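S.K.: One structure is given below, represented as structure tokens, and several questions about it will come after.
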Number of protein chains: 2
Amino acid sequence: MARVIQKFGGTSLATVEKIFNAAHRVEEAINNGDQVAVVVSAMAGTTSRLVSLTREISALHDAREYDVVVSAGEQITAGLMALAIQSLGIPARSWLAWQLPINTNGDHGKAHIQSIETGEIINRMCRGEVAVVPGFQGITRRERVATLGRGGSDASAVALAAALEADLCNIYTDVDGVYTSDPRIVTKARKLDKIAYEEMLEMASLGAKVLQSRAAELAMRNKVIVQVLSSFDSVPGTLLVDEDAIVEQKVVSGIAYSRDEAKITLTGIPDRPGIAAGIFGPLSDASVNVDMIVQNASDDGSSADLTFTVGKADLERALEIIKLNQETLGYQTLLFDSDVVKVSVIGVGMRTHAGVAKKMFETLADKGINIQVISTSEIKVSVLIAEEYIELALRSLHTAYGLDTE
Amino acid sequence: MARVIQKFGGTSLATVEKIFNAAHRVEEAINNGDQVAVVVSAMAGTTSRLVSLTREISALHDAREYDVVVSAGEQITAGLMALAIQSLGIPARSWLAWQLPINTNGDHGKAHIQSIETGEIINRMCRGEVAVVPGFQGITRRERVATLGRGGSDASAVALAAALEADLCNIYTDVDGVYTSDPRIVTKARKLDKIAYEEMLEMASLGAKVLQSRAAELAMRNKVIVQVLSSFDSVPGTLLVDEDAIVEQKVVSGIAYSRDEAKITLTGIPDRPGIAAGIFGPLSDASVNVDMIVQNASDDGSSADLTFTVGKADLERALEIIKLNQETLGYQTLLFDSDVVKVSVIGVGMRTHAGVAKKMFETLADKGINIQVISTSEIKVSVLIAEEYIELALRSLHTAYGLDTE
């Protein structure tokens with residue numbers, strides 16, 4: 001007997017048949033003697049439809065009303081899932097965010113869960129009733145509906161698991177676990193049995209779409225054991241655990257990539273203090289996230305070139321802002337390139353093993369792939385390369401780090 | 001300056017363009033110095049789609065979860081309408097049923113509104129903010145979502161008008177008012193400037209779809225002045241008012257019809273006490289509503305024939321229940337006919353004028369239309385006739401009672 005959370009994503013709830021498939025997962029756990037709370041996303045496509053309705057009405061919309069609209073999708077699946085579970089003879093009820101409540105901060109559209117009241121649902125779970133909770137939402141102190149941002153249902157599930165002190169948080173999705181790399185590109189990619197929280201966090205924020213990065217962060221902070229698994233196959237998935245719980249740790253656990261990158265280069269910047277702030281301040285004010293940054297001084301030290309990356313969707317806005325500030329910044333030329341990808345190798349083993357970055361650079365050089373920007377952290381090395389090399393780069397690195405299946 | 005409710009139905013909110021059209025109605029009222037609260041239905045088609053999802057999952061569903069699912073449609077339009085009004089530069093916010101709250105009894109799926117907390121929205125309306133409220137829903141004492149039944153948004157609007165002591169409750173729909181009869185059939189039908197509450201109530205319950213009958217009842221009980229009007233044309237609609245407020249009252253105000261009728265006849269019933277209870281008891285237990293009832297004794301008084309009508313959707317179930325009870329009931333034959341319509345003439349003037357029923361029977365007899373069942377009340381006469389005569393009957397009666405446009 002255990003207390004488990006079962007979270008189902010939109011593709012796992014896209015049709016009535018799939019909702020029943022999910023309900024049967026709940027039934028298995030109940031038959032196993034488990035206490036079960038279910039967290040649901042909206043049916044695939046619903047949230048996007050609602051988001052575009054709000055955009056059609058007003059590009060610059062009141063985020064509080066936006067949240068009222070887009071949170072409706074999970075309300076629908078919560079009721080439907082409760083009905084499906086009931087129809088299998090298992091007591092179930094839906095708990096909307098205001099009914100529990102799920103308390104968030106006031107940051108509408110990308111709110112954070114602060115606390116979840118669980119007294120009543122724990123009582124009922126102990127009596128065998130399944131609690132069905134809509135993901136992606138909560139209410140603020142002012143009793144307004146707040147959503148957690150796209151993919152926020154994963155975070156809802158992990159936060160609920162933490163609040164319920166659950167033994168396991170199962171994230172059911174359309175893939176059967178976390179892979180060493182994208183199996184659609186790297187056919188020799190292997191499913192990982194276990195992955196450290198930090199690695200998952202890096203993978204999620206570096207482009208792997210299997211779990212939302214805030215969910216990985218919440219799991220790490222609260223030591224929630226998360227399993228990512230398929231809602232369609234009955235095979236074990238990948239467990240997110242503490243680094244120490246992974247016995248045979250490879251130096252590199254996975255290779256992630258992100259196509260959502262655009263590169264901007266300013267040449268001939270006067271090399272004096274405050275220039276970086278002069279560029280990145282206005283970008284930050286406009287909510288443009290800057291990722292990788294490299295600065296090279298010229299030979300004589302009088303001027304420098306600055307290269308950095310932003311999300312593809314932010315490129316236009318970033319260029320505009322920079323042009324507006326040309327006079328103060330005093331750069332010579334403004335270059336940009338959106339045909340780039342970021343490739344990252346990730347592994348907690350890097351902390352104790354040298355040579356990981358070196359192997360990456362050598363492997364890419366051997367294949368004639370030019371590295372445009374480099375950034376590193378304690379457990380990852382990221383490089384920016386031309387988009388056309390993405391398949392070659394991923395496969396070569398996957399082999400080089402010994403990740404291929406035999 | 002007045003305090004007005006503006007209620008928009010699903011066809012008036014079916015697209016983003018139509019939502020803006022509705023928002024412009026709000027703008028007109030605000031520019032006129034009015035205080036405005038808006039009540040919205042779901043976008044046309046949404047509720048039906050949600051209802052069929054719940055049915056696909058479970059035919060005999062938990063009405064509490066059904067309500068969670070189907071109430072989502074109005075939540076969506078409430079947020080969208082608030083955004084549309086805001087984009088015209090007018091402050092607005094949505095108030096979900098739990099946020100006000102709108103309190104209902106516990107009769108899920110067909111709940112009644114008991115009270116609405118309005119203190120906060122009155123404060124804000126006085127400061128020029130528009131309150132946008134989803135129709136069709138409330139919350140029970142147990143804090144579960146409850147819906148009011150199909151068409152319940154009209155009732156929401158009238159209940160809110162009563163709670164806010166509004167001067168006027170405008171019900172915007174896809175027709176421009178209440179007509180003396182269905183203009184699609186009776187081309188000479190006239191729009192009524194005013195109609196008495198009781199007449200509207202009879203019309204609504206007798207098949208006219210322009211206003212939900214519970215809304216008419218609520219308006220009558222609370223003396224709410226309701227206007228039914230088009231959201232697309234800028235012409236005055238029809239006012240629901242007290243009988244006394246109608247100066248030139250015709251004897252008959254309108255002619256309604258309903259195709260949703262089926263006739264059941266039992267012949268050779270033993271003529272002894274308790275037989276009617278023996279038939280209608282089990283039907284009532286199965287929630288089959290019986291409408292018109294006629295009983296004829298045979299010549300020798302030993303047996304009788306009983307004819308009554310039920311909704312078309314209930315016919316199969318009603319027949320099954322009667323067959324199950326054949327032994328106790330002891331009838332000889334069971335006949336049924338679903339090719340029938342109910343035609344009703346309605347008017348508060350009947351209270352003081354004799355001969356209304358006689359004129360109806362004579363008019364139909366002149367056209368060779370056989371009357372199968374008759375039922376009367378203080379302000380209406382209804383007859384059941386063969387469906388094929390519907391157009392002929394409506395037009396002849398419309399002319400006979402002097403309702404035709406010149």
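Naming works like this for the structure tokens: A, B, ... for the chains as they're shown, residue 1 at the start of each chain, ligands 1 onward in shown order.
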Which chain A residues have any atom within 6 Å of an atom of chain B, and for each, what is the nearest pair of atoms with distance in Å to one decimal, counting only C-alpha atoms, rows sorted by chain and number, as CSV?

M.R.:
residue,atom,partner,partner_atom,distance
A:Ile57,CA,B:Ala84,CA,5.9
A:Glu65,CA,B:Gly79,CA,4.9
A:Val68,CA,B:Gly79,CA,5.5
A:Val69,CA,B:Ile76,CA,4.5
A:Ala72,CA,B:Ala72,CA,5.5
A:Ile76,CA,B:Val69,CA,4.5
A:Gly79,CA,B:Glu65,CA,4.9
A:Ala84,CA,B:Ile57,CA,5.9

S.K.: Now that the selection is made, can you save its residues with N, CA and C atoms as a PDB file, in the first residue's frame?

M.R.:
ATOM      1  N   ILE A  57      -9.250  38.338 -28.957  1.00  0.00           N
ATOM      2  CA  ILE A  57     -10.011  39.429 -28.334  1.00  0.00           C
ATOM      3  C   ILE A  57      -9.110  40.577 -27.952  1.00  0.00           C
ATOM      4  N   GLU A  65      -8.165  37.711 -16.301  1.00  0.00           N
ATOM      5  CA  GLU A  65      -9.274  37.190 -17.103  1.00  0.00           C
ATOM      6  C   GLU A  65      -8.794  36.080 -18.031  1.00  0.00           C
ATOM      7  N   VAL A  68      -8.991  33.007 -16.102  1.00  0.00           N
ATOM      8  CA  VAL A  68     -10.359  32.490 -15.974  1.00  0.00           C
ATOM      9  C   VAL A  68     -10.699  31.638 -17.194  1.00  0.00           C
ATOM     10  N   VAL A  69     -10.317  32.142 -18.375  1.00  0.00           N
ATOM     11  CA  VAL A  69     -10.658  31.448 -19.621  1.00  0.00           C
ATOM     12  C   VAL A  69      -9.875  30.143 -19.758  1.00  0.00           C
ATOM     13  N   ALA A  72     -10.404  26.714 -17.788  1.00  0.00           N
ATOM     14  CA  ALA A  72     -11.632  25.926 -17.951  1.00  0.00           C
ATOM     15  C   ALA A  72     -11.354  24.516 -18.477  1.00  0.00           C
ATOM     16  N   ILE A  76     -12.933  20.817 -17.040  1.00  0.00           N
ATOM     17  CA  ILE A  76     -13.715  19.844 -17.820  1.00  0.00           C
ATOM     18  C   ILE A  76     -13.165  18.435 -17.629  1.00  0.00           C
ATOM     19  N   GLY A  79     -13.880  16.850 -14.124  1.00  0.00           N
ATOM     20  CA  GLY A  79     -15.219  16.271 -13.994  1.00  0.00           C
ATOM     21  C   GLY A  79     -15.342  14.978 -14.782  1.00  0.00           C
ATOM     22  N   ALA A  84     -15.525   8.971 -15.116  1.00  0.00           N
ATOM     23  CA  ALA A  84     -14.978   7.728 -15.678  1.00  0.00           C
ATOM     24  C   ALA A  84     -14.561   6.776 -14.553  1.00  0.00           C
TER      25      ALA A  84
END

S.K.: Region 228-237 of chain A: which residues within 7 Å, counting only C-alpha atoms, same-chain residues fewer than 2 positions away excluded, as a VMD selection string?

M.R.: chain A and resid 12 22 170 to 178 193 226 239

S.K.: Could those selected residues go to a file with C-alpha atoms, as a CSV table (one decimal), in the first residue's frame?

M.R.:
chain,number,residue,atom,x,y,z
A,12,SER,CA,-3.5,10.9,-22.5
A,22,ALA,CA,-6.4,6.6,-17.8
A,170,ASN,CA,3.5,9.1,-11.6
A,171,ILE,CA,3.6,11.5,-14.6
A,172,TYR,CA,1.8,9.6,-17.5
A,173,THR,CA,2.6,10.9,-20.9
A,174,ASP,CA,2.9,9.8,-24.5
A,175,VAL,CA,6.5,8.6,-24.1
A,176,ASP,CA,7.6,5.8,-21.8
A,177,GLY,CA,10.3,7.6,-19.9
A,178,VAL,CA,13.3,9.9,-20.1
A,193,ASP,CA,15.8,3.7,-15.4
A,226,VAL,CA,8.6,11.1,-9.7
A,239,LEU,CA,12.4,7.5,-11.9

S.K.: With a distance cut-off of 12 Å and only C-alpha atoms, select the neighbouring residues of region 260-264 of chain B, excluding the residue or stretch itself and same-chain residues fewer than 4 positions from it, and output the selection as a VMD selection string.

M.R.: chain B and resid 205 to 208 279 288 to 295 305 to 320 322 333 to 343 372 to 373 383 to 387

S.K.: Excluding Gly330 (chain B) and residues on its chain fewer than 5 positions from it, collect all residues at most 9 Å away from it, counting only C-alpha atoms, and give them as a list in words.

M.R.: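 Close residues of Gly330 (chain B): Gly268, Ile269, Pro270 and Asn325 of chain B.
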
S.K.: Measuring between only C-alpha atoms, which one of A:Lys358, A:Arg221, A:Arg351, A:Arg190 shows the shortest distance to Gly402 (chain A)?

M.R.: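 For Gly402 (chain A), the nearest of the candidates is A:Arg190.
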
S.K.: Enumerate as a ChimeraX atom specification all residues of region 234-327 of chain A assigned to strand (DSSP E) by DSSP on the backbone, naming them with the chain letters and numbers the document uses.

M.R.: /A:238-241,254-270,290-297,303-310

S.K.: Next, the residues of the selection above should be written as a compact mmCIF listing (two decimals), in the first residue's frame with N, CA and C atoms.

M.R.:
# COMPACT_ATOMS: atom_id res chain seq x y z
N THR A 238 10.86 6.12 -16.11
CA THR A 238 12.11 6.62 -15.54
C THR A 238 11.82 7.27 -14.19
N LEU A 239 12.61 6.89 -13.19
CA LEU A 239 12.44 7.47 -11.85
C LEU A 239 13.36 8.67 -11.66
N LEU A 240 12.79 9.75 -11.15
CA LEU A 240 13.60 10.90 -10.74
C LEU A 240 13.94 10.71 -9.27
N VAL A 241 15.23 10.63 -8.97
CA VAL A 241 15.64 10.36 -7.59
C VAL A 241 16.84 11.21 -7.21
N GLY A 254 22.79 12.29 -20.44
CA GLY A 254 21.95 12.55 -21.59
C GLY A 254 22.42 13.73 -22.41
N ILE A 255 21.87 13.79 -23.61
CA ILE A 255 22.23 14.87 -24.53
C ILE A 255 20.95 15.53 -25.01
N ALA A 256 20.80 16.78 -24.65
CA ALA A 256 19.57 17.51 -24.99
C ALA A 256 19.86 18.54 -26.07
N TYR A 257 18.79 19.03 -26.68
CA TYR A 257 18.98 20.08 -27.68
C TYR A 257 17.77 20.98 -27.68
N SER A 258 17.97 22.18 -28.18
CA SER A 258 16.86 23.12 -28.31
C SER A 258 16.98 23.88 -29.61
N ARG A 259 15.90 23.83 -30.41
CA ARG A 259 15.89 24.59 -31.67
C ARG A 259 15.39 26.02 -31.44
N ASP A 260 14.92 26.26 -30.23
CA ASP A 260 14.31 27.57 -29.96
C ASP A 260 15.36 28.62 -29.60
N GLU A 261 16.36 28.77 -30.47
CA GLU A 261 17.45 29.69 -30.17
C GLU A 261 17.67 30.62 -31.35
N ALA A 262 18.05 31.83 -31.04
CA ALA A 262 18.48 32.77 -32.08
C ALA A 262 19.70 33.50 -31.56
N LYS A 263 20.66 33.76 -32.45
CA LYS A 263 21.93 34.35 -32.03
C LYS A 263 22.00 35.80 -32.49
N ILE A 264 22.43 36.67 -31.62
CA ILE A 264 22.62 38.08 -31.96
C ILE A 264 24.07 38.46 -31.68
N THR A 265 24.70 39.16 -32.62
CA THR A 265 26.09 39.60 -32.42
C THR A 265 26.20 41.10 -32.65
N LEU A 266 26.82 41.77 -31.70
CA LEU A 266 27.14 43.19 -31.88
C LEU A 266 28.65 43.30 -32.01
N THR A 267 29.12 43.94 -33.07
CA THR A 267 30.57 44.09 -33.23
C THR A 267 30.96 45.53 -32.96
N GLY A 268 32.23 45.68 -32.62
CA GLY A 268 32.79 47.03 -32.45
C GLY A 268 32.19 47.82 -31.31
N ILE A 269 31.92 47.11 -30.21
CA ILE A 269 31.39 47.81 -29.04
C ILE A 269 32.54 48.47 -28.30
N PRO A 270 32.40 49.75 -27.93
CA PRO A 270 33.48 50.38 -27.13
C PRO A 270 33.69 49.61 -25.84
N VAL A 290 17.78 36.40 -22.00
CA VAL A 290 19.05 36.17 -22.69
C VAL A 290 19.69 34.93 -22.09
N ASP A 291 20.19 34.05 -22.96
CA ASP A 291 20.72 32.77 -22.46
C ASP A 291 22.25 32.77 -22.50
N MET A 292 22.84 32.28 -23.56
CA MET A 292 24.30 32.18 -23.64
C MET A 292 24.89 33.55 -23.99
N ILE A 293 26.00 33.89 -23.36
CA ILE A 293 26.65 35.18 -23.64
C ILE A 293 28.16 34.97 -23.80
N VAL A 294 28.74 35.52 -24.85
CA VAL A 294 30.20 35.49 -25.02
C VAL A 294 30.68 36.88 -25.42
N GLN A 295 31.78 37.32 -24.82
CA GLN A 295 32.34 38.61 -25.21
C GLN A 295 33.81 38.43 -25.56
N ASN A 296 34.21 38.95 -26.74
CA ASN A 296 35.62 38.90 -27.13
C ASN A 296 36.17 40.30 -27.27
N ALA A 297 37.29 40.55 -26.61
CA ALA A 297 37.92 41.86 -26.80
C ALA A 297 38.70 41.84 -28.11
N SER A 303 37.94 47.87 -28.48
CA SER A 303 36.55 47.54 -28.72
C SER A 303 36.38 46.03 -28.57
N ALA A 304 35.08 45.61 -28.54
CA ALA A 304 34.81 44.19 -28.32
C ALA A 304 33.63 43.75 -29.17
N ASP A 305 33.50 42.42 -29.36
CA ASP A 305 32.31 41.86 -30.00
C ASP A 305 31.52 41.13 -28.91
N LEU A 306 30.19 41.23 -28.98
CA LEU A 306 29.35 40.57 -27.99
C LEU A 306 28.36 39.68 -28.73
N THR A 307 28.31 38.41 -28.35
CA THR A 307 27.36 37.47 -28.94
C THR A 307 26.50 36.89 -27.84
N PHE A 308 25.21 36.78 -28.10
CA PHE A 308 24.33 36.16 -27.10
C PHE A 308 23.13 35.53 -27.80
N THR A 309 22.39 34.69 -27.06
CA THR A 309 21.22 34.04 -27.66
C THR A 309 19.95 34.44 -26.91
N VAL A 310 18.87 34.47 -27.69
CA VAL A 310 17.53 34.71 -27.12
C VAL A 310 16.59 33.65 -27.71

S.K.: Let's see if you can do this: from backbone DSSP, list all helix (DSSP H, G or I) residues in region 295-348 of chain A, as a ChimeraX atom specification.

M.R.: /A:312-324,326-329,348

S.K.: Using C-alpha atoms, can you export the residues from the last selection as a CSV table (one decimal), in the first residue's frame?

M.R.:
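What follows is the written file again-v6.csv:
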chain,number,residue,atom,x,y,z
A,312,LYS,CA,13.4,32.5,-31.4
A,313,ALA,CA,10.0,34.2,-30.6
A,314,ASP,CA,11.9,37.1,-28.9
A,315,LEU,CA,14.3,37.8,-31.8
A,316,GLU,CA,12.3,40.5,-33.5
A,317,ARG,CA,11.7,42.4,-30.3
A,318,ALA,CA,15.3,42.1,-29.2
A,319,LEU,CA,16.6,43.5,-32.5
A,320,GLU,CA,14.2,46.4,-32.3
A,321,ILE,CA,15.3,47.3,-28.7
A,322,ILE,CA,18.9,47.1,-29.7
A,323,LYS,CA,18.4,49.4,-32.7
A,324,LEU,CA,16.5,51.9,-30.6
A,326,GLN,CA,22.2,52.2,-31.0
A,327,GLU,CA,23.4,55.7,-30.1
A,328,THR,CA,24.1,54.9,-26.4
A,329,LEU,CA,25.6,51.5,-27.2
A,348,VAL,CA,26.1,14.9,-12.4

S.K.: Hey, can you check how far CA of Ile113 (chain A) sits from CA of Glu217 (chain A)?

M.R.: 12.7 Å
